[in-house]
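Text of input.pdb, listed as PDB, C-alpha atoms:
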```
ATOM      1  CA  MET V  16     105.317 130.259 151.965  1.00  0.00           C
ATOM      2  CA  SER V  17     105.048 131.328 155.581  1.00  0.00           C
ATOM      3  CA  ASN V  18     102.168 130.339 157.796  1.00  0.00           C
ATOM      4  CA  LEU V  19     101.488 133.514 159.793  1.00  0.00           C
ATOM      5  CA  SER V  20      99.578 133.591 163.050  1.00  0.00           C
ATOM      6  CA  ASN V  21      96.906 136.028 164.083  1.00  0.00           C
ATOM      7  CA  SER V  22      98.413 136.848 167.443  1.00  0.00           C
ATOM      8  CA  VAL V  23      97.376 139.926 169.381  1.00  0.00           C
ATOM      9  CA  PRO V  24      99.530 142.513 171.163  1.00  0.00           C
ATOM     10  CA  ASN V  25     100.651 141.791 174.700  1.00  0.00           C
ATOM     11  CA  GLN V  26      97.872 143.152 176.907  1.00  0.00           C
ATOM     12  CA  ASP V  27      99.689 142.376 180.185  1.00  0.00           C
ATOM     13  CA  SER V  28     102.134 145.297 180.087  1.00  0.00           C
ATOM     14  CA  PRO V  29     101.159 148.296 182.237  1.00  0.00           C
ATOM     15  CA  PRO V  30     100.051 151.376 180.324  1.00  0.00           C
ATOM     16  CA  ASN V  31     102.583 154.118 179.753  1.00  0.00           C
ATOM     17  CA  ALA V  32     101.757 157.394 181.477  1.00  0.00           C
ATOM     18  CA  THR V  33     102.382 159.305 178.249  1.00  0.00           C
ATOM     19  CA  GLY V  34     100.332 156.878 176.147  1.00  0.00           C
ATOM     20  CA  ALA V  35     103.234 156.650 173.699  1.00  0.00           C
ATOM     21  CA  LEU V  36     103.228 153.520 171.593  1.00  0.00           C
ATOM     22  CA  ILE V  37     105.405 151.677 169.147  1.00  0.00           C
ATOM     23  CA  SER V  38     104.263 149.422 166.386  1.00  0.00           C
ATOM     24  CA  LEU V  39     105.797 146.353 164.783  1.00  0.00           C
ATOM     25  CA  ARG V  40     104.562 145.625 161.286  1.00  0.00           C
ATOM     26  CA  LEU V  41     105.043 142.341 159.488  1.00  0.00           C
ATOM     27  CA  LEU V  42     105.755 143.296 155.889  1.00  0.00           C
ATOM     28  CA  ASP V  43     104.633 141.491 152.753  1.00  0.00           C
ATOM     29  CA  ALA V  44     107.740 139.946 151.165  1.00  0.00           C
ATOM     30  CA  VAL V  45     106.827 141.106 147.656  1.00  0.00           C
ATOM     31  CA  GLN V  46     105.028 144.431 147.979  1.00  0.00           C
ATOM     32  CA  GLY V  47     106.398 145.613 151.323  1.00  0.00           C
ATOM     33  CA  HIS V  48     103.083 146.720 152.838  1.00  0.00           C
ATOM     34  CA  ALA V  49     102.024 145.733 156.352  1.00  0.00           C
ATOM     35  CA  ILE V  50     100.082 142.482 156.520  1.00  0.00           C
ATOM     36  CA  GLN V  51      99.920 142.353 160.310  1.00  0.00           C
ATOM     37  CA  THR V  52     100.534 144.973 163.013  1.00  0.00           C
ATOM     38  CA  TRP V  53     101.177 144.820 166.760  1.00  0.00           C
ATOM     39  CA  ASN V  54     101.161 147.908 169.020  1.00  0.00           C
ATOM     40  CA  PHE V  55     103.015 148.116 172.336  1.00  0.00           C
ATOM     41  CA  ASP V  56     103.538 150.463 175.235  1.00  0.00           C
ATOM     42  CA  ARG V  57     107.049 151.801 175.845  1.00  0.00           C
ATOM     43  CA  THR V  58     107.226 149.925 179.142  1.00  0.00           C
ATOM     44  CA  ALA V  59     106.790 146.586 177.404  1.00  0.00           C
ATOM     45  CA  VAL V  60     109.369 143.919 176.765  1.00  0.00           C
ATOM     46  CA  VAL V  61     108.388 142.439 173.425  1.00  0.00           C
ATOM     47  CA  GLN V  62     109.310 138.855 172.597  1.00  0.00           C
ATOM     48  CA  ILE V  63     109.273 137.839 168.917  1.00  0.00           C
ATOM     49  CA  GLY V  64     109.166 134.177 167.944  1.00  0.00           C
ATOM     50  CA  ARG V  65     107.163 131.051 167.198  1.00  0.00           C
ATOM     51  CA  LEU V  66     106.153 130.374 170.816  1.00  0.00           C
ATOM     52  CA  GLU V  67     102.443 130.825 171.464  1.00  0.00           C
ATOM     53  CA  ASP V  68     103.110 133.163 174.400  1.00  0.00           C
ATOM     54  CA  SER V  69     105.304 135.486 172.306  1.00  0.00           C
ATOM     55  CA  ALA V  70     103.985 139.047 172.090  1.00  0.00           C
ATOM     56  CA  VAL V  71     104.700 138.826 168.355  1.00  0.00           C
ATOM     57  CA  MET V  72     104.016 135.236 167.339  1.00  0.00           C
ATOM     58  CA  ILE V  73     105.042 134.348 163.793  1.00  0.00           C
ATOM     59  CA  CYS V  74     104.513 130.740 162.717  1.00  0.00           C
ATOM     60  CA  ASP V  75     107.255 130.416 160.149  1.00  0.00           C
ATOM     61  CA  PRO V  76     109.868 127.612 160.010  1.00  0.00           C
ATOM     62  CA  LEU V  77     112.591 130.245 159.536  1.00  0.00           C
ATOM     63  CA  VAL V  78     111.676 131.916 162.835  1.00  0.00           C
ATOM     64  CA  SER V  79     113.098 130.524 166.099  1.00  0.00           C
ATOM     65  CA  ARG V  80     110.866 129.803 169.095  1.00  0.00           C
ATOM     66  CA  VAL V  81     112.406 132.883 170.746  1.00  0.00           C
ATOM     67  CA  HIS V  82     113.958 134.792 167.869  1.00  0.00           C
ATOM     68  CA  ALA V  83     114.405 138.297 169.247  1.00  0.00           C
ATOM     69  CA  THR V  84     113.407 140.650 172.047  1.00  0.00           C
ATOM     70  CA  LEU V  85     112.693 144.373 172.049  1.00  0.00           C
ATOM     71  CA  ARG V  86     113.362 146.323 175.232  1.00  0.00           C
ATOM     72  CA  HIS V  87     112.793 149.968 176.086  1.00  0.00           C
ATOM     73  CA  VAL V  88     116.090 151.125 177.641  1.00  0.00           C
ATOM     74  CA  ASP V  89     117.031 154.692 178.638  1.00  0.00           C
ATOM     75  CA  GLY V  90     114.495 156.332 176.330  1.00  0.00           C
ATOM     76  CA  HIS V  91     115.113 154.201 173.236  1.00  0.00           C
ATOM     77  CA  TRP V  92     114.301 150.729 171.962  1.00  0.00           C
ATOM     78  CA  GLU V  93     116.862 147.971 171.515  1.00  0.00           C
ATOM     79  CA  LEU V  94     116.494 144.811 169.476  1.00  0.00           C
ATOM     80  CA  ILE V  95     118.338 141.780 170.849  1.00  0.00           C
ATOM     81  CA  SER V  96     118.855 138.757 168.606  1.00  0.00           C
ATOM     82  CA  GLN V  97     118.221 135.407 170.297  1.00  0.00           C
ATOM     83  CA  GLY V  98     117.441 133.066 167.427  1.00  0.00           C
ATOM     84  CA  LYS V  99     119.554 130.489 165.641  1.00  0.00           C
ATOM     85  CA  HIS V 100     119.366 132.400 162.344  1.00  0.00           C
ATOM     86  CA  GLY V 101     119.920 135.845 163.896  1.00  0.00           C
ATOM     87  CA  VAL V 102     118.509 139.233 163.032  1.00  0.00           C
ATOM     88  CA  ILE V 103     119.495 141.009 159.813  1.00  0.00           C
ATOM     89  CA  VAL V 104     119.595 144.812 159.525  1.00  0.00           C
ATOM     90  CA  ASN V 105     120.856 146.406 156.291  1.00  0.00           C
ATOM     91  CA  ASP V 106     122.077 142.982 155.089  1.00  0.00           C
ATOM     92  CA  ARG V 107     124.233 142.522 158.217  1.00  0.00           C
ATOM     93  CA  ARG V 108     123.663 140.154 161.087  1.00  0.00           C
ATOM     94  CA  VAL V 109     123.376 142.008 164.414  1.00  0.00           C
ATOM     95  CA  GLU V 110     123.319 140.824 168.021  1.00  0.00           C
ATOM     96  CA  THR V 111     121.957 144.044 169.554  1.00  0.00           C
ATOM     97  CA  ILE V 112     120.918 147.241 167.807  1.00  0.00           C
ATOM     98  CA  ARG V 113     119.295 150.505 168.803  1.00  0.00           C
ATOM     99  CA  LEU V 114     116.100 150.879 166.784  1.00  0.00           C
ATOM    100  CA  SER V 115     114.994 154.055 165.063  1.00  0.00           C
ATOM    101  CA  HIS V 116     111.686 155.072 163.507  1.00  0.00           C
ATOM    102  CA  GLU V 117     110.814 153.091 160.344  1.00  0.00           C
ATOM    103  CA  MET V 118     113.824 150.777 160.699  1.00  0.00           C
ATOM    104  CA  THR V 119     113.280 147.361 159.154  1.00  0.00           C
ATOM    105  CA  PHE V 120     114.848 144.094 160.238  1.00  0.00           C
ATOM    106  CA  ARG V 121     114.612 140.511 159.031  1.00  0.00           C
ATOM    107  CA  LEU V 122     114.341 137.412 161.175  1.00  0.00           C
ATOM    108  CA  GLY V 123     117.196 135.428 159.676  1.00  0.00           C
ATOM    109  CA  PRO V 124     118.677 135.746 156.178  1.00  0.00           C
ATOM    110  CA  LYS V 125     115.518 134.463 154.468  1.00  0.00           C
ATOM    111  CA  GLY V 126     112.906 135.042 157.158  1.00  0.00           C
ATOM    112  CA  PRO V 127     110.085 137.557 157.442  1.00  0.00           C
ATOM    113  CA  THR V 128     110.729 141.309 157.604  1.00  0.00           C
ATOM    114  CA  LEU V 129     109.357 143.583 160.321  1.00  0.00           C
ATOM    115  CA  ALA V 130     109.235 147.383 160.495  1.00  0.00           C
ATOM    116  CA  PHE V 131     109.668 149.293 163.764  1.00  0.00           C
ATOM    117  CA  ILE V 132     107.427 152.373 163.948  1.00  0.00           C
ATOM    118  CA  GLU V 133     107.349 155.030 166.657  1.00  0.00           C
ATOM    119  CA  LEU V 134     103.671 155.935 166.523  1.00  0.00           C
ATOM    120  CA  GLU V 135     104.088 159.436 168.017  1.00  0.00           C
ATOM    121  CA  ARG V 136     106.635 160.312 165.366  1.00  0.00           C
ATOM    122  CA  ALA V 137     104.534 158.790 162.601  1.00  0.00           C
ATOM    123  CA  ALA V 138     101.519 160.840 163.778  1.00  0.00           C
ATOM    124  CA  ASN V 139     103.594 164.038 163.858  1.00  0.00           C
ATOM    125  CA  GLU V 140     104.920 163.405 160.345  1.00  0.00           C
ATOM    126  CA  ALA V 141     101.399 162.718 159.065  1.00  0.00           C
ATOM    127  CA  SER V 142     100.130 165.895 160.718  1.00  0.00           C
ATOM    128  CA  GLN V 143     102.854 167.989 159.095  1.00  0.00           C
ATOM    129  CA  THR V 144     102.148 166.402 155.708  1.00  0.00           C
ATOM    130  CA  CYS V 145      98.427 167.160 156.002  1.00  0.00           C
ATOM    131  CA  GLN V 146      99.090 170.777 156.999  1.00  0.00           C
ATOM    132  CA  ALA V 147     101.408 171.254 154.050  1.00  0.00           C
ATOM    133  CA  THR V 148      98.807 169.777 151.725  1.00  0.00           C
ATOM    134  CA  ILE V 149      96.044 172.063 152.986  1.00  0.00           C
ATOM    135  CA  GLU V 150      97.995 175.332 152.812  1.00  0.00           C
ATOM    136  CA  ILE V 151      96.951 177.237 149.683  1.00  0.00           C
ATOM    137  CA  ASP V 152      97.920 180.793 148.810  1.00  0.00           C
ATOM    138  CA  SER V 153      94.783 182.993 148.759  1.00  0.00           C
ATOM    139  CA  HIS V 154      95.812 184.424 145.367  1.00  0.00           C
ATOM    140  CA  MET V 155      95.782 180.906 143.927  1.00  0.00           C
ATOM    141  CA  ILE V 156      92.171 180.370 145.005  1.00  0.00           C
ATOM    142  CA  GLU V 157      91.024 183.151 142.645  1.00  0.00           C
ATOM    143  CA  MET V 158      92.804 181.391 139.785  1.00  0.00           C
ATOM    144  CA  LEU V 159      90.980 178.145 140.601  1.00  0.00           C
ATOM    145  CA  ARG V 160      87.476 179.656 140.602  1.00  0.00           C
ATOM    146  CA  ILE V 161      85.347 178.723 137.602  1.00  0.00           C
ATOM    147  CA  ASP V 162      83.662 181.616 135.843  1.00  0.00           C
ATOM    148  CA  GLN V 163      80.191 180.149 135.245  1.00  0.00           C
ATOM    149  CA  GLU V 164      79.167 182.854 132.782  1.00  0.00           C
ATOM    150  CA  GLN V 165      82.289 182.346 130.690  1.00  0.00           C
ATOM    151  CA  THR V 166      81.804 178.547 130.777  1.00  0.00           C
ATOM    152  CA  GLN V 167      78.186 178.900 129.541  1.00  0.00           C
ATOM    153  CA  GLN V 168      79.312 181.223 126.730  1.00  0.00           C
ATOM    154  CA  GLN V 169      81.970 178.700 125.620  1.00  0.00           C
ATOM    155  CA  VAL V 170      79.422 175.865 125.624  1.00  0.00           C
ATOM    156  CA  ARG V 171      77.020 177.949 123.494  1.00  0.00           C
ATOM    157  CA  GLU V 172      79.821 178.688 121.008  1.00  0.00           C
ATOM    158  CA  ILE V 173      80.632 174.987 120.682  1.00  0.00           C
ATOM    159  CA  VAL V 174      76.991 173.916 120.269  1.00  0.00           C
ATOM    160  CA  ASP V 175      76.319 176.640 117.716  1.00  0.00           C
ATOM    161  CA  ASN V 176      79.379 175.637 115.676  1.00  0.00           C
ATOM    162  CA  GLU V 177      78.584 173.924 112.351  1.00  0.00           C
ATOM    163  CA  GLY V 178      81.248 171.247 112.994  1.00  0.00           C
ATOM    164  CA  PHE V 179      79.543 170.219 116.251  1.00  0.00           C
ATOM    165  CA  GLY V 180      76.246 169.734 114.395  1.00  0.00           C
ATOM    166  CA  LEU V 181      77.965 167.478 111.868  1.00  0.00           C
ATOM    167  CA  LEU V 182      79.513 165.473 114.671  1.00  0.00           C
ATOM    168  CA  LEU V 183      76.111 164.947 116.303  1.00  0.00           C
ATOM    169  CA  GLU V 184      74.609 163.776 113.002  1.00  0.00           C
ATOM    170  CA  ARG V 185      77.500 161.356 112.408  1.00  0.00           C
ATOM    171  CA  ALA V 186      77.217 159.933 115.958  1.00  0.00           C
ATOM    172  CA  LYS V 187      73.465 159.420 115.493  1.00  0.00           C
ATOM    173  CA  ALA V 188      74.040 157.620 112.181  1.00  0.00           C
ATOM    174  CA  LEU V 189      76.660 155.324 113.753  1.00  0.00           C
ATOM    175  CA  ARG V 190      74.335 154.460 116.664  1.00  0.00           C
ATOM    176  CA  GLU V 191      71.525 153.606 114.226  1.00  0.00           C
ATOM    177  CA  LYS V 192      73.861 151.480 112.129  1.00  0.00           C
ATOM    178  CA  ARG V 193      75.073 149.619 115.232  1.00  0.00           C
ATOM    179  CA  SER V 194      71.528 148.859 116.433  1.00  0.00           C
ATOM    180  CA  LEU V 195      70.608 147.155 113.117  1.00  0.00           C
TER     181      LEU V 195
END
```

Let me see the file written as C-alpha cells.
Amino acid sequence: MSNLSNSVPNQDSPPNATGALISLRLLDAVQGHAIQTWNFDRTAVVQIGRLEDSAVMICDPLVSRVHATLRHVDGHWELISQGKHGVIVNDRRVETIRLSHEMTFRLGPKGPTLAFIELERAANEASQTCQATIEIDSHMIEMLRIDQEQTQQQVREIVDNEGFGLLLERAKALREKRSL
C-alpha cells in the first residue's frame, strides 16, 4: 500500500498570460478515480518524485526521488523519465513522450498511475456535453407535459374501481393483524 503525501501545486511558477492550466491526477489503483490532483501553469516545469521539494510529491517506495519531469516545449507537454524504474505508457517503458489530453502514465511497472489533463480542453468538452444534454426539440416538450385533468380522471377511475376497494380492505386487515 502506498503512503501518499498531501503536497500542493508549485506556486513559484509565473502565471501564464492565457491562464491555461494542466492537471495531474493521481489515480486510485482499483477504481481509477482521482485521489489527488495538482494544477500547473503551462510555463511550469513539473518535477514528480519522492523529494519534498517536488511539485508532485508522492511518498511511495516504487517512486524515485526524482522520477520524472514535465516540460512545456513548443506548445505541447513532454514527459521525461528520470527514475530508476522508468515511466510506463501503454505497457511500454518510455524515456521521453509527448503528452496528450487524458493520457495516463505509470511511475514504474508497479508504481502509481497519473493522468495528464489539459484543463481548457476538458472544460470545452464538458461545455459541449452540457449543451447537447440541454437541447430539446420543442415538439418533444408537448409530449412531456402532464395533462392534469386526464391524470385526475384516471385516479378517480382507479379509486372507484371495486378491485381497488378490495385491495384497501385487505391492506387494512394485514396491518391490523401485524399490530397484534

Inset, instruction - Please write as JSON, numbers by chain the list of polymer residues whose atoms come within 12 Å of (113.8, 141.3, 159.1), counting only C-alpha atoms and keeping to the coordinates of the file. - result: {"V": [39, 40, 41, 42, 43, 44, 47, 63, 77, 78, 82, 83, 94, 96, 100, 101, 102, 103, 104, 105, 106, 107, 108, 109, 118, 119, 120, 121, 122, 123, 124, 125, 126, 127, 128, 129, 130, 131]}

Inset, instruction - Point out the residue among V:Ile132, V:Leu114, V:Ile95, V:Ile73 with the least atom-to-atom distance to V:Asn54, counting all atoms listed in the file. - result: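 Closest candidate: V:Ile132.
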
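From atom CA of V:Leu36 back to atom CA of V:Arg136, the distance works out to 9.8 Å.
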
Inset, instruction - Please indicate the distance in Å from atom CA of V:Glu191 to atom CA of V:Arg171, rounded to one decimal place. - result: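 So the two atoms, atom CA of V:Glu191 and atom CA of V:Arg171, lie 26.6 Å apart.
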
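For the pair atom CA of V:Glu133 and atom CA of V:Ile112, the interatomic distance is 15.7 Å.
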
Inset, instruction - Find the residue from V:Lys187, V:Lys192, V:Arg113, V:Arg160 that sits nearest to V:Arg86; use all atoms listed in the file when measuring. - result: V:Arg113

Legend entry - For V:Asp68, the nearest of the candidates V:Ile50, V:Val81, V:Leu183, V:Leu189, counting only C-alpha atoms: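 Smallest separation from V:Asp68 among the options: V:Val81.
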
Inset, instruction - Tell me, as a ChimeraX atom specification, which residues lie within 7 Å of V:Ser79, counting all atoms listed in the file; anything in the same chain fewer than 4 positions away does not count. - result: /V:64-65,98-99

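Minimum atom-to-atom distance to V:His91, evaluated using all atoms listed in the file, belongs to V:Ser115 out of V:Gln167, V:Ser115, V:Ser69, V:Ser194.
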